[in-house]
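Trainee: Just so it is clear, I am handing over structure-v2.pdb, which has PDB, C-alpha atoms.
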```
ATOM      1  CA  MET S   1       0.000   0.000   0.000
ATOM      2  CA  THR S   2       1.311   3.445  -0.860
ATOM      3  CA  ASP S   3       1.869   5.887   1.960
ATOM      4  CA  VAL S   4      -1.278   7.793   2.803
ATOM      5  CA  PRO S   5      -0.467  11.025   4.651
ATOM      6  CA  ASP S   6      -0.079  10.393   8.355
ATOM      7  CA  ASP S   7      -2.406  13.232   9.297
ATOM      8  CA  ASP S   8      -5.201  11.375   7.535
ATOM      9  CA  ARG S   9      -5.233   8.801  10.296
ATOM     10  CA  ALA S  10      -7.159   9.187  13.532
ATOM     11  CA  PRO S  11      -5.033   8.848  16.700
ATOM     12  CA  PRO S  12      -5.599   5.593  18.610
ATOM     13  CA  SER S  13      -7.027   7.404  21.628
ATOM     14  CA  GLU S  14      -9.867   8.783  19.520
ATOM     15  CA  GLN S  15     -10.587   5.804  17.304
ATOM     16  CA  PRO S  16     -14.253   4.885  16.868
ATOM     17  CA  SER S  17     -15.441   1.998  18.986
ATOM     18  CA  SER S  18     -18.495  -0.188  19.101
ATOM     19  CA  ASP S  19     -19.489   1.422  22.436
ATOM     20  CA  ARG S  20     -20.774   4.627  20.966
ATOM     21  CA  PRO S  21     -21.239   7.643  23.299
ATOM     22  CA  THR S  22     -24.459   9.596  23.415
ATOM     23  CA  ASP S  23     -22.896  12.670  21.785
ATOM     24  CA  PRO S  24     -23.575  12.127  18.043
ATOM     25  CA  SER S  25     -20.389  13.882  16.997
ATOM     26  CA  SER S  26     -18.024  12.125  19.410
ATOM     27  CA  ASP S  27     -17.908   8.861  17.485
ATOM     28  CA  ARG S  28     -16.418  10.450  14.393
ATOM     29  CA  PRO S  29     -12.680  10.149  13.626
ATOM     30  CA  THR S  30     -10.651  13.232  14.427
ATOM     31  CA  ASP S  31      -8.547  15.097  11.896
ATOM     32  CA  PRO S  32      -5.120  15.983  13.339
ATOM     33  CA  ALA S  33      -4.675  18.410  10.418
ATOM     34  CA  SER S  34      -7.207  20.770  11.981
ATOM     35  CA  PRO S  35      -5.986  23.453  14.416
ATOM     36  CA  ASP S  36      -7.743  21.990  17.454
ATOM     37  CA  GLY S  37      -7.769  18.319  16.447
ATOM     38  CA  GLY S  38     -11.558  18.537  16.114
ATOM     39  CA  PRO S  39     -13.788  16.120  14.231
ATOM     40  CA  VAL S  40     -13.675  15.953  10.466
ATOM     41  CA  ALA S  41     -16.766  16.721   8.448
ATOM     42  CA  ALA S  42     -19.532  14.181   8.651
ATOM     43  CA  PRO S  43     -18.930  10.850   6.866
ATOM     44  CA  PRO S  44     -21.412   9.494   4.284
ATOM     45  CA  ASP S  45     -24.112   8.689   6.851
ATOM     46  CA  ASP S  46     -24.318  12.386   7.782
ATOM     47  CA  ARG S  47     -23.025  14.141   4.714
ATOM     48  CA  THR S  48     -25.811  16.682   4.330
ATOM     49  CA  GLY S  49     -24.260  18.947   6.947
ATOM     50  CA  ALA S  50     -20.670  18.596   5.786
ATOM     51  CA  GLU S  51     -20.552  22.146   4.449
ATOM     52  CA  THR S  52     -21.276  23.707   7.856
ATOM     53  CA  ALA S  53     -19.925  21.031  10.210
ATOM     54  CA  VAL S  54     -16.327  22.287  10.108
ATOM     55  CA  ASP S  55     -14.787  25.643  10.784
ATOM     56  CA  PRO S  56     -13.709  27.223   7.445
ATOM     57  CA  ASP S  57     -10.040  27.372   8.437
ATOM     58  CA  GLU S  58     -10.134  23.734   9.532
ATOM     59  CA  SER S  59     -11.804  22.703   6.278
ATOM     60  CA  ARG S  60      -9.150  24.413   4.173
ATOM     61  CA  SER S  61      -6.349  22.782   6.119
ATOM     62  CA  SER S  62      -7.789  19.279   5.713
ATOM     63  CA  THR S  63      -8.866  19.543   2.062
ATOM     64  CA  PRO S  64      -5.394  18.837   0.574
ATOM     65  CA  VAL S  65      -5.142  15.768   2.795
ATOM     66  CA  ALA S  66      -8.569  14.545   1.686
ATOM     67  CA  VAL S  67      -7.820  15.090  -2.021
ATOM     68  CA  GLY S  68      -4.389  13.466  -1.700
ATOM     69  CA  ALA S  69      -5.827  10.442   0.105
ATOM     70  CA  ALA S  70      -8.640  10.093  -2.439
ATOM     71  CA  LEU S  71      -6.270  10.318  -5.394
ATOM     72  CA  GLY S  72      -3.782   7.927  -3.836
ATOM     73  CA  LEU S  73      -6.433   5.323  -3.052
ATOM     74  CA  GLY S  74      -8.062   5.704  -6.458
ATOM     75  CA  VAL S  75      -4.797   4.997  -8.251
ATOM     76  CA  LEU S  76      -3.528   2.365  -5.824
ATOM     77  CA  GLY S  77      -6.513   0.077  -6.448
ATOM     78  CA  PRO S  78      -5.753  -0.484 -10.160
ATOM     79  CA  VAL S  79      -2.034  -0.811  -9.383
ATOM     80  CA  ILE S  80      -2.795  -3.672  -6.978
ATOM     81  CA  ALA S  81      -5.043  -5.219  -9.637
ATOM     82  CA  LEU S  82      -2.255  -4.911 -12.209
ATOM     83  CA  VAL S  83       0.285  -6.564  -9.930
ATOM     84  CA  GLY S  84      -2.214  -9.320  -9.194
ATOM     85  CA  GLY S  85      -2.751  -9.752 -12.916
ATOM     86  CA  PHE S  86       0.970 -10.356 -13.388
ATOM     87  CA  GLY S  87       0.780 -13.008 -10.679
ATOM     88  CA  ILE S  88      -2.119 -14.751 -12.423
ATOM     89  CA  PHE S  89      -0.212 -14.593 -15.714
ATOM     90  CA  ALA S  90       2.829 -16.170 -14.042
ATOM     91  CA  LEU S  91       0.645 -18.914 -12.556
ATOM     92  CA  ASP S  92      -0.915 -19.550 -15.940
ATOM     93  CA  ALA S  93       2.534 -19.937 -17.503
ATOM     94  CA  ALA S  94       3.779 -22.144 -14.667
ATOM     95  CA  VAL S  95       0.977 -24.703 -15.006
ATOM     96  CA  GLY S  96       0.998 -24.701 -18.775
ATOM     97  CA  GLY S  97      -2.260 -22.816 -19.210
ATOM     98  CA  LEU S  98      -5.307 -22.348 -16.971
ATOM     99  CA  PRO S  99      -8.867 -22.786 -18.243
ATOM    100  CA  THR S 100     -10.323 -19.467 -19.341
ATOM    101  CA  ALA S 101     -13.072 -19.644 -16.722
ATOM    102  CA  VAL S 102     -10.503 -20.191 -13.958
ATOM    103  CA  THR S 103      -8.396 -17.285 -15.184
ATOM    104  CA  LEU S 104     -11.482 -15.080 -15.257
ATOM    105  CA  GLY S 105     -12.464 -16.117 -11.731
ATOM    106  CA  LEU S 106      -8.999 -15.428 -10.350
ATOM    107  CA  THR S 107      -8.907 -12.076 -12.130
ATOM    108  CA  LEU S 108     -12.229 -11.059 -10.590
ATOM    109  CA  VAL S 109     -11.204 -12.118  -7.099
ATOM    110  CA  VAL S 110      -7.766 -10.498  -7.179
ATOM    111  CA  GLY S 111      -8.563  -7.527  -9.390
ATOM    112  CA  GLN S 112     -11.863  -6.623  -7.719
ATOM    113  CA  TYR S 113     -12.360  -8.105  -4.249
ATOM    114  CA  VAL S 114      -8.740  -7.728  -3.178
ATOM    115  CA  ALA S 115      -7.579  -4.671  -5.138
ATOM    116  CA  PHE S 116     -10.683  -2.538  -4.630
ATOM    117  CA  GLY S 117     -12.751  -3.992  -1.803
ATOM    118  CA  GLY S 118      -9.775  -5.094   0.261
ATOM    119  CA  LEU S 119      -8.014  -1.769  -0.157
ATOM    120  CA  ALA S 120     -11.129   0.174   0.866
ATOM    121  CA  LEU S 121     -11.768  -1.889   3.987
ATOM    122  CA  GLY S 122      -8.090  -1.947   4.899
ATOM    123  CA  TYR S 123      -7.863   1.828   4.668
ATOM    124  CA  LEU S 124     -10.865   2.385   6.930
ATOM    125  CA  ARG S 125      -9.527  -0.103   9.457
ATOM    126  CA  TRP S 126      -6.155   1.646   9.285
ATOM    127  CA  ARG S 127      -7.873   4.911  10.171
ATOM    128  CA  GLY S 128      -9.211   3.230  13.296
ATOM    129  CA  PHE S 129     -12.802   2.332  12.406
ATOM    130  CA  ASP S 130     -14.171  -0.839  13.962
ATOM    131  CA  TRP S 131     -16.444  -2.993  11.801
ATOM    132  CA  PRO S 132     -19.702  -1.309  12.893
ATOM    133  CA  GLY S 133     -17.974   2.007  12.245
ATOM    134  CA  VAL S 134     -16.940   0.857   8.757
ATOM    135  CA  SER S 135     -20.527  -0.086   7.930
ATOM    136  CA  SER S 136     -21.782   3.244   9.263
ATOM    137  CA  TYR S 137     -19.148   5.245   7.383
ATOM    138  CA  LEU S 138     -19.933   3.547   4.079
ATOM    139  CA  GLY S 139     -23.675   3.613   4.627
ATOM    140  CA  ILE S 140     -24.522  -0.055   4.108
ATOM    141  CA  SER S 141     -28.153  -1.005   4.637
ATOM    142  CA  ARG S 142     -30.955  -2.905   2.954
ATOM    143  CA  PRO S 143     -32.301  -0.790   0.083
ATOM    144  CA  ARG S 144     -35.874   0.461   0.342
ATOM    145  CA  LEU S 145     -38.401   0.217  -2.472
ATOM    146  CA  VAL S 146     -37.742   3.834  -3.385
ATOM    147  CA  ASP S 147     -34.027   3.036  -3.578
ATOM    148  CA  LEU S 148     -34.720   0.283  -6.102
ATOM    149  CA  GLY S 149     -36.743   2.796  -8.064
ATOM    150  CA  LEU S 150     -33.717   5.088  -8.053
ATOM    151  CA  VAL S 151     -31.618   2.234  -9.427
ATOM    152  CA  VAL S 152     -33.955   1.879 -12.404
ATOM    153  CA  GLY S 153     -34.325   5.642 -12.814
ATOM    154  CA  GLY S 154     -30.581   6.146 -12.575
ATOM    155  CA  TRP S 155     -30.009   3.522 -15.242
ATOM    156  CA  VAL S 156     -32.454   5.295 -17.568
ATOM    157  CA  VAL S 157     -30.589   8.566 -17.002
ATOM    158  CA  ILE S 158     -27.303   6.818 -17.830
ATOM    159  CA  VAL S 159     -28.707   5.300 -21.032
ATOM    160  CA  VAL S 160     -30.101   8.620 -22.250
ATOM    161  CA  THR S 161     -26.903  10.478 -21.335
ATOM    162  CA  LEU S 162     -24.656   7.934 -23.041
ATOM    163  CA  PHE S 163     -26.845   8.008 -26.147
ATOM    164  CA  VAL S 164     -26.467  11.786 -26.386
ATOM    165  CA  VAL S 165     -22.740  11.759 -25.629
ATOM    166  CA  SER S 166     -22.044   8.854 -28.008
ATOM    167  CA  THR S 167     -23.953  10.628 -30.769
ATOM    168  CA  ILE S 168     -21.856  13.755 -30.291
ATOM    169  CA  VAL S 169     -18.649  11.705 -30.281
ATOM    170  CA  SER S 170     -19.748   9.965 -33.489
ATOM    171  CA  LEU S 171     -20.568  13.266 -35.211
ATOM    172  CA  LEU S 172     -17.155  14.593 -34.241
ATOM    173  CA  GLY S 173     -15.547  11.502 -35.746
ATOM    174  CA  ALA S 174     -13.618  10.731 -32.572
ATOM    175  CA  GLU S 175     -12.396   7.188 -32.093
ATOM    176  CA  THR S 176     -13.148   5.200 -28.949
ATOM    177  CA  ALA S 177     -11.355   2.341 -27.230
ATOM    178  CA  SER S 178     -12.499  -1.200 -26.484
ATOM    179  CA  ASN S 179     -12.834  -2.698 -23.031
ATOM    180  CA  GLN S 180     -10.634  -5.723 -22.370
ATOM    181  CA  SER S 181     -13.433  -7.605 -20.595
ATOM    182  CA  ALA S 182     -15.762  -7.046 -23.543
ATOM    183  CA  GLU S 183     -13.117  -8.414 -25.898
ATOM    184  CA  VAL S 184     -12.733 -11.538 -23.754
ATOM    185  CA  ALA S 185     -16.511 -11.941 -23.740
ATOM    186  CA  MET S 186     -16.723 -11.603 -27.517
ATOM    187  CA  GLN S 187     -14.103 -14.307 -27.927
ATOM    188  CA  ASN S 188     -15.832 -16.562 -25.368
ATOM    189  CA  PRO S 189     -19.621 -16.008 -25.542
ATOM    190  CA  ALA S 190     -20.219 -18.930 -23.170
ATOM    191  CA  LEU S 191     -18.575 -16.877 -20.393
ATOM    192  CA  ILE S 192     -20.904 -13.914 -20.774
ATOM    193  CA  PRO S 193     -23.504 -15.257 -18.278
ATOM    194  CA  LEU S 194     -20.664 -15.435 -15.739
ATOM    195  CA  PHE S 195     -19.766 -11.829 -16.549
ATOM    196  CA  ILE S 196     -23.384 -10.782 -16.016
ATOM    197  CA  VAL S 197     -23.545 -12.386 -12.571
ATOM    198  CA  ALA S 198     -20.132 -10.958 -11.670
ATOM    199  CA  MET S 199     -21.304  -7.427 -12.440
ATOM    200  CA  PHE S 200     -23.781  -7.631  -9.543
ATOM    201  CA  LEU S 201     -21.781  -9.743  -7.100
ATOM    202  CA  VAL S 202     -18.208  -8.615  -7.734
ATOM    203  CA  VAL S 203     -17.621  -5.572  -9.932
ATOM    204  CA  GLY S 204     -20.439  -3.310  -8.747
ATOM    205  CA  PRO S 205     -19.827  -3.801  -5.001
ATOM    206  CA  SER S 206     -16.028  -3.797  -5.214
ATOM    207  CA  GLU S 207     -15.646  -0.671  -7.343
ATOM    208  CA  GLU S 208     -18.346   1.253  -5.508
ATOM    209  CA  ILE S 209     -16.973   0.519  -2.046
ATOM    210  CA  LEU S 210     -13.677   2.071  -3.091
ATOM    211  CA  TYR S 211     -14.647   4.902  -5.424
ATOM    212  CA  ARG S 212     -17.918   5.988  -3.853
ATOM    213  CA  GLY S 213     -17.678   4.672  -0.305
ATOM    214  CA  VAL S 214     -14.074   5.602   0.432
ATOM    215  CA  VAL S 215     -12.816   8.002  -2.272
ATOM    216  CA  GLN S 216     -15.985  10.100  -2.465
ATOM    217  CA  GLY S 217     -16.621   9.632   1.247
ATOM    218  CA  ARG S 218     -13.132  10.866   2.155
ATOM    219  CA  LEU S 219     -13.557  13.912  -0.075
ATOM    220  CA  ARG S 220     -16.959  14.517   1.477
ATOM    221  CA  GLU S 221     -15.354  14.982   4.879
ATOM    222  CA  SER S 222     -13.761  18.222   3.671
ATOM    223  CA  LEU S 223     -15.653  19.277   0.534
ATOM    224  CA  PRO S 224     -19.291  19.944  -0.382
ATOM    225  CA  ALA S 225     -21.254  17.354  -2.345
ATOM    226  CA  VAL S 226     -20.772  18.645  -5.900
ATOM    227  CA  PRO S 227     -16.955  18.927  -5.954
ATOM    228  CA  SER S 228     -16.669  15.616  -4.103
ATOM    229  CA  ILE S 229     -18.768  13.866  -6.747
ATOM    230  CA  LEU S 230     -16.895  15.554  -9.591
ATOM    231  CA  VAL S 231     -13.428  14.674  -8.277
ATOM    232  CA  ALA S 232     -14.364  11.090  -7.369
ATOM    233  CA  SER S 233     -16.017  10.606 -10.772
ATOM    234  CA  GLY S 234     -12.955  11.958 -12.548
ATOM    235  CA  ILE S 235     -10.673   9.565 -10.661
ATOM    236  CA  PHE S 236     -13.007   6.629 -11.320
ATOM    237  CA  ALA S 237     -13.265   7.363 -15.042
ATOM    238  CA  PHE S 238      -9.530   7.920 -15.472
ATOM    239  CA  ILE S 239      -8.431   4.659 -13.866
ATOM    240  CA  HIS S 240     -10.376   2.780 -16.571
ATOM    241  CA  VAL S 241      -7.648   3.744 -19.017
ATOM    242  CA  MET S 242      -5.805   0.646 -17.767
ATOM    243  CA  ALA S 243      -8.718  -1.604 -18.792
ATOM    244  CA  LEU S 244      -8.971  -0.244 -22.330
ATOM    245  CA  THR S 245      -7.257  -1.192 -25.571
ATOM    246  CA  GLY S 246      -6.434   1.057 -28.489
ATOM    247  CA  GLY S 247      -4.699   4.346 -29.101
ATOM    248  CA  VAL S 248      -4.236   7.143 -26.607
ATOM    249  CA  SER S 249      -6.882   9.391 -28.181
ATOM    250  CA  GLY S 250      -9.418   6.553 -28.219
ATOM    251  CA  ARG S 251      -8.757   5.762 -24.581
ATOM    252  CA  LEU S 252      -9.105   9.386 -23.514
ATOM    253  CA  THR S 253     -12.377   9.703 -25.432
ATOM    254  CA  THR S 254     -13.741   6.602 -23.731
ATOM    255  CA  VAL S 255     -12.599   7.868 -20.324
ATOM    256  CA  ALA S 256     -14.495  11.094 -20.988
ATOM    257  CA  ILE S 257     -17.623   9.075 -21.841
ATOM    258  CA  LEU S 258     -17.291   6.982 -18.674
ATOM    259  CA  PHE S 259     -17.233  10.158 -16.604
ATOM    260  CA  PHE S 260     -20.985  10.605 -17.098
ATOM    261  CA  PRO S 261     -22.183   7.258 -15.665
ATOM    262  CA  SER S 262     -19.796   7.846 -12.777
ATOM    263  CA  LEU S 263     -21.531  11.157 -12.036
ATOM    264  CA  VAL S 264     -24.838   9.318 -11.746
ATOM    265  CA  PHE S 265     -23.314   6.701  -9.413
ATOM    266  CA  GLY S 266     -21.941   9.468  -7.212
ATOM    267  CA  ALA S 267     -25.152  11.481  -7.180
ATOM    268  CA  VAL S 268     -27.222   8.426  -6.257
ATOM    269  CA  TYR S 269     -24.833   7.626  -3.414
ATOM    270  CA  GLU S 270     -24.969  11.182  -2.126
ATOM    271  CA  TYR S 271     -28.762  11.239  -2.248
ATOM    272  CA  THR S 272     -29.457   7.823  -0.712
ATOM    273  CA  GLU S 273     -26.464   7.635   1.671
ATOM    274  CA  ASN S 274     -26.597   3.887   1.021
ATOM    275  CA  LEU S 275     -23.679   2.226  -0.797
ATOM    276  CA  VAL S 276     -25.839  -0.707  -1.861
ATOM    277  CA  VAL S 277     -27.834   1.517  -4.219
ATOM    278  CA  PRO S 278     -24.969   2.704  -6.502
ATOM    279  CA  ALA S 279     -23.507  -0.809  -6.343
ATOM    280  CA  LEU S 280     -26.773  -2.208  -7.735
ATOM    281  CA  LEU S 281     -26.959   0.576 -10.331
ATOM    282  CA  HIS S 282     -23.364  -0.048 -11.400
ATOM    283  CA  GLY S 283     -24.000  -3.772 -11.654
ATOM    284  CA  LEU S 284     -27.215  -3.245 -13.634
ATOM    285  CA  HIS S 285     -25.540  -0.883 -16.085
ATOM    286  CA  ASN S 286     -22.697  -3.294 -16.824
ATOM    287  CA  ALA S 287     -24.963  -6.359 -16.845
ATOM    288  CA  VAL S 288     -27.249  -4.833 -19.472
ATOM    289  CA  ILE S 289     -24.254  -4.145 -21.700
ATOM    290  CA  PHE S 290     -23.067  -7.751 -21.438
ATOM    291  CA  THR S 291     -26.608  -9.039 -21.960
ATOM    292  CA  LEU S 292     -26.956  -7.062 -25.182
ATOM    293  CA  LEU S 293     -23.535  -8.299 -26.251
ATOM    294  CA  TYR S 294     -24.579 -11.899 -25.582
ATOM    295  CA  VAL S 295     -27.818 -11.520 -27.532
ATOM    296  CA  SER S 296     -26.028  -9.959 -30.488
ATOM    297  CA  LEU S 297     -23.381 -12.705 -30.571
ATOM    298  CA  VAL S 298     -25.622 -15.731 -30.005
ATOM    299  CA  TYR S 299     -28.835 -14.638 -31.692
ATOM    300  CA  GLY S 300     -27.516 -12.110 -34.184
ATOM    301  CA  ASP S 301     -28.499 -14.053 -37.301
ATOM    302  CA  GLU S 302     -31.995 -14.778 -35.986
ATOM    303  CA  LEU S 303     -32.525 -11.134 -35.043
ATOM    304  CA  ARG S 304     -31.394  -9.956 -38.460
ATOM    305  CA  SER S 305     -33.762 -12.408 -40.140
ATOM    306  CA  LEU S 306     -36.614 -11.263 -37.903
ATOM    307  CA  GLY S 307     -35.842  -7.658 -38.677
ATOM    308  CA  GLU S 308     -35.949  -8.314 -42.405
ATOM    309  CA  ALA S 309     -39.266 -10.155 -42.103
ATOM    310  CA  VAL S 310     -40.799  -7.327 -40.081
ATOM    311  CA  ALA S 311     -39.461  -4.706 -42.451
ATOM    312  CA  ILE S 312     -41.175  -6.171 -45.525
ATOM    313  CA  PRO S 313     -44.749  -5.038 -44.664
ATOM    314  CA  LEU S 314     -43.495  -1.627 -43.565
ATOM    315  CA  SER S 315     -41.818  -0.893 -46.905
TER     316      SER S 315
END
```
Using structure tokens, write down the structure from this file.

Mentor:
Amino acid sequence: MTDVPDDDRAPPSEQPSSDRPTDPSSDRPTDPASPDGGPVAAPPDDRTGAETAVDPDESRSSTPVAVGAALGLGVLGPVIALVGGFGIFALDAAVGGLPTAVTLGLTLVVGQYVAFGGLALGYLRWRGFDWPGVSSYLGISRPRLVDLGLVVGGWVVIVVTLFVVSTIVSLLGAETASNQSAEVAMQNPALIPLFIVAMFLVVGPSEEILYRGVVQGRLRESLPAVPSILVASGIFAFIHVMALTGGVSGRLTTVAILFFPSLVFGAVYEYTENLVVPALLHGLHNAVIFTLLYVSLVYGDELRSLGEAVAIPLS
């Protein structure tokens, strides 16, 4: 793990504990970067008052620490995934070739659960949060019916936004990059159902716990909602450059496109204060893409034939 600034860590004497005092502010981690060692701005379960919860001078002094920690964590996750990928590659070479499904499973476990989820949980534990404190900081609870409605509504917003953005990119003639996972899926259509399940159980939760729960949550301790969402979304979109193939311009264009779904993930998290909701939305968004890919690969000929048959009466 890269060095996160020391003043980002709560001193042991003021670490959160499971025996929470009656004062609602006393169970928050302290920020040694502030002049009086007072509490940092409210974590995700009380983010609505973050703008007024901290003295202005204290907020300014802790903002560089928050941004530095968020950036460091956002970049460190993919680096851990990359190192783990080299290990899987070495194992594959050592045994003379692993089955594709096994390689995919190991990649998901190491590149998602360990690199993203493990890093996020490890960082919060390093700051001194006990497990109930971790759950409270991230905002993990069973989604309500209205939350599920927000998942569907958020997905519709993403689809419409991506349609508009993709149309503009196409009119400008800009090239885009391909996703490595999509390329693997196209070469192995039988694995696509596994990809679809993994979007909900692995990718959505793992990436959201790091980039919304910890990166955006850490920024939210010192910044208002809008800049926190913007910075976290920018970090999240940029790190995808490592998962893309193609030229530099194509990768940057695709990163710019990915910024918009990330904004929706961040806004939904800010509004619901429940990490499960953006995790479900993230999983749904990716799962729909893989589902459409599967249908086009497996039933492409049948769909084209059906389209031609339907088009005859209309002409």

Trainee: Could you state the separation of CA of Arg220 in chain S and CA of Ser136 in chain S in Å, given to one decimal place?

Mentor: 14.5 Å

Trainee: Kindly assemble as a tab-separated table a list of the range 51-127 of chain S residues that lie within 6 Å of range 196-218 of chain S, each paired with its nearest atom pair and their distance in Å to one decimal, using only C-alpha atoms, sorted first by chain and then by ascending residue number.

Mentor:
```
residue	atom	partner	partner_atom	distance
S:Ala66	CA	S:Arg218	CA	5.9
S:Ala70	CA	S:Val215	CA	4.7
S:Gln112	CA	S:Ser206	CA	5.6
S:Tyr113	CA	S:Ser206	CA	5.7
S:Phe116	CA	S:Ser206	CA	5.5
S:Gly117	CA	S:Ser206	CA	4.7
S:Ala120	CA	S:Leu210	CA	5.1
```

Trainee: Determine the residue set returned by the PyMOL selection byres ((chain S and resi 152-159) around 7) for the present structure, and present it as a ChimeraX atom specification.

Mentor: /S:148-151,160-163,261,264,281,285

Trainee: Which distance in Å separates CA of Gly234 in chain S and CA of Tyr123 in chain S, to one decimal?

Mentor: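 CA of Gly234 in chain S sits 20.6 Å away from CA of Tyr123 in chain S.
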
Trainee: Near Thr176 in chain S, counting all atoms listed in the file, which residues have an atom at most 6 Å away, once you skip same-chain residues fewer than 2 positions from it, shown as a PyMOL selection string?

Mentor: chain S and resi 250+253-254

Trainee: Measure the distance from CA of Asp301 in chain S to CA of Leu191 in chain S in Å and round it to one decimal.

Mentor: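 Distance reported for this atom pair: 19.8 Å.
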
Trainee: With only C-alpha atoms as the counted atoms, please give the residues lying no more than 12 Å from Val248 in chain S, apart from itself and same-chain residues fewer than 5 positions off, as a PyMOL selection string.

Mentor: chain S and resi 174-178+241-242+253-255

Trainee: Near Phe238 in chain S, within 12 Å and counting all atoms listed in the file, which residues show up once chain neighbours fewer than 2 positions away are dropped, as number ranges by chain?

Mentor: S: 71, 74-75, 78, 211, 231-236, 240-244, 251-260, 262

Trainee: Selected residues, C-alpha atoms, written as a PDB file, in the frame of the given file, please.

Mentor:
```pdb
ATOM      1  CA  LEU S  71      -6.270  10.318  -5.394  1.00  0.00           C
ATOM      2  CA  GLY S  74      -8.062   5.704  -6.458  1.00  0.00           C
ATOM      3  CA  VAL S  75      -4.797   4.997  -8.251  1.00  0.00           C
ATOM      4  CA  PRO S  78      -5.753  -0.484 -10.160  1.00  0.00           C
ATOM      5  CA  TYR S 211     -14.647   4.902  -5.424  1.00  0.00           C
ATOM      6  CA  VAL S 231     -13.428  14.674  -8.277  1.00  0.00           C
ATOM      7  CA  ALA S 232     -14.364  11.090  -7.369  1.00  0.00           C
ATOM      8  CA  SER S 233     -16.017  10.606 -10.772  1.00  0.00           C
ATOM      9  CA  GLY S 234     -12.955  11.958 -12.548  1.00  0.00           C
ATOM     10  CA  ILE S 235     -10.673   9.565 -10.661  1.00  0.00           C
ATOM     11  CA  PHE S 236     -13.007   6.629 -11.320  1.00  0.00           C
ATOM     12  CA  HIS S 240     -10.376   2.780 -16.571  1.00  0.00           C
ATOM     13  CA  VAL S 241      -7.648   3.744 -19.017  1.00  0.00           C
ATOM     14  CA  MET S 242      -5.805   0.646 -17.767  1.00  0.00           C
ATOM     15  CA  ALA S 243      -8.718  -1.604 -18.792  1.00  0.00           C
ATOM     16  CA  LEU S 244      -8.971  -0.244 -22.330  1.00  0.00           C
ATOM     17  CA  ARG S 251      -8.757   5.762 -24.581  1.00  0.00           C
ATOM     18  CA  LEU S 252      -9.105   9.386 -23.514  1.00  0.00           C
ATOM     19  CA  THR S 253     -12.377   9.703 -25.432  1.00  0.00           C
ATOM     20  CA  THR S 254     -13.741   6.602 -23.731  1.00  0.00           C
ATOM     21  CA  VAL S 255     -12.599   7.868 -20.324  1.00  0.00           C
ATOM     22  CA  ALA S 256     -14.495  11.094 -20.988  1.00  0.00           C
ATOM     23  CA  ILE S 257     -17.623   9.075 -21.841  1.00  0.00           C
ATOM     24  CA  LEU S 258     -17.291   6.982 -18.674  1.00  0.00           C
ATOM     25  CA  PHE S 259     -17.233  10.158 -16.604  1.00  0.00           C
ATOM     26  CA  PHE S 260     -20.985  10.605 -17.098  1.00  0.00           C
ATOM     27  CA  SER S 262     -19.796   7.846 -12.777  1.00  0.00           C
TER      28      SER S 262
END
```
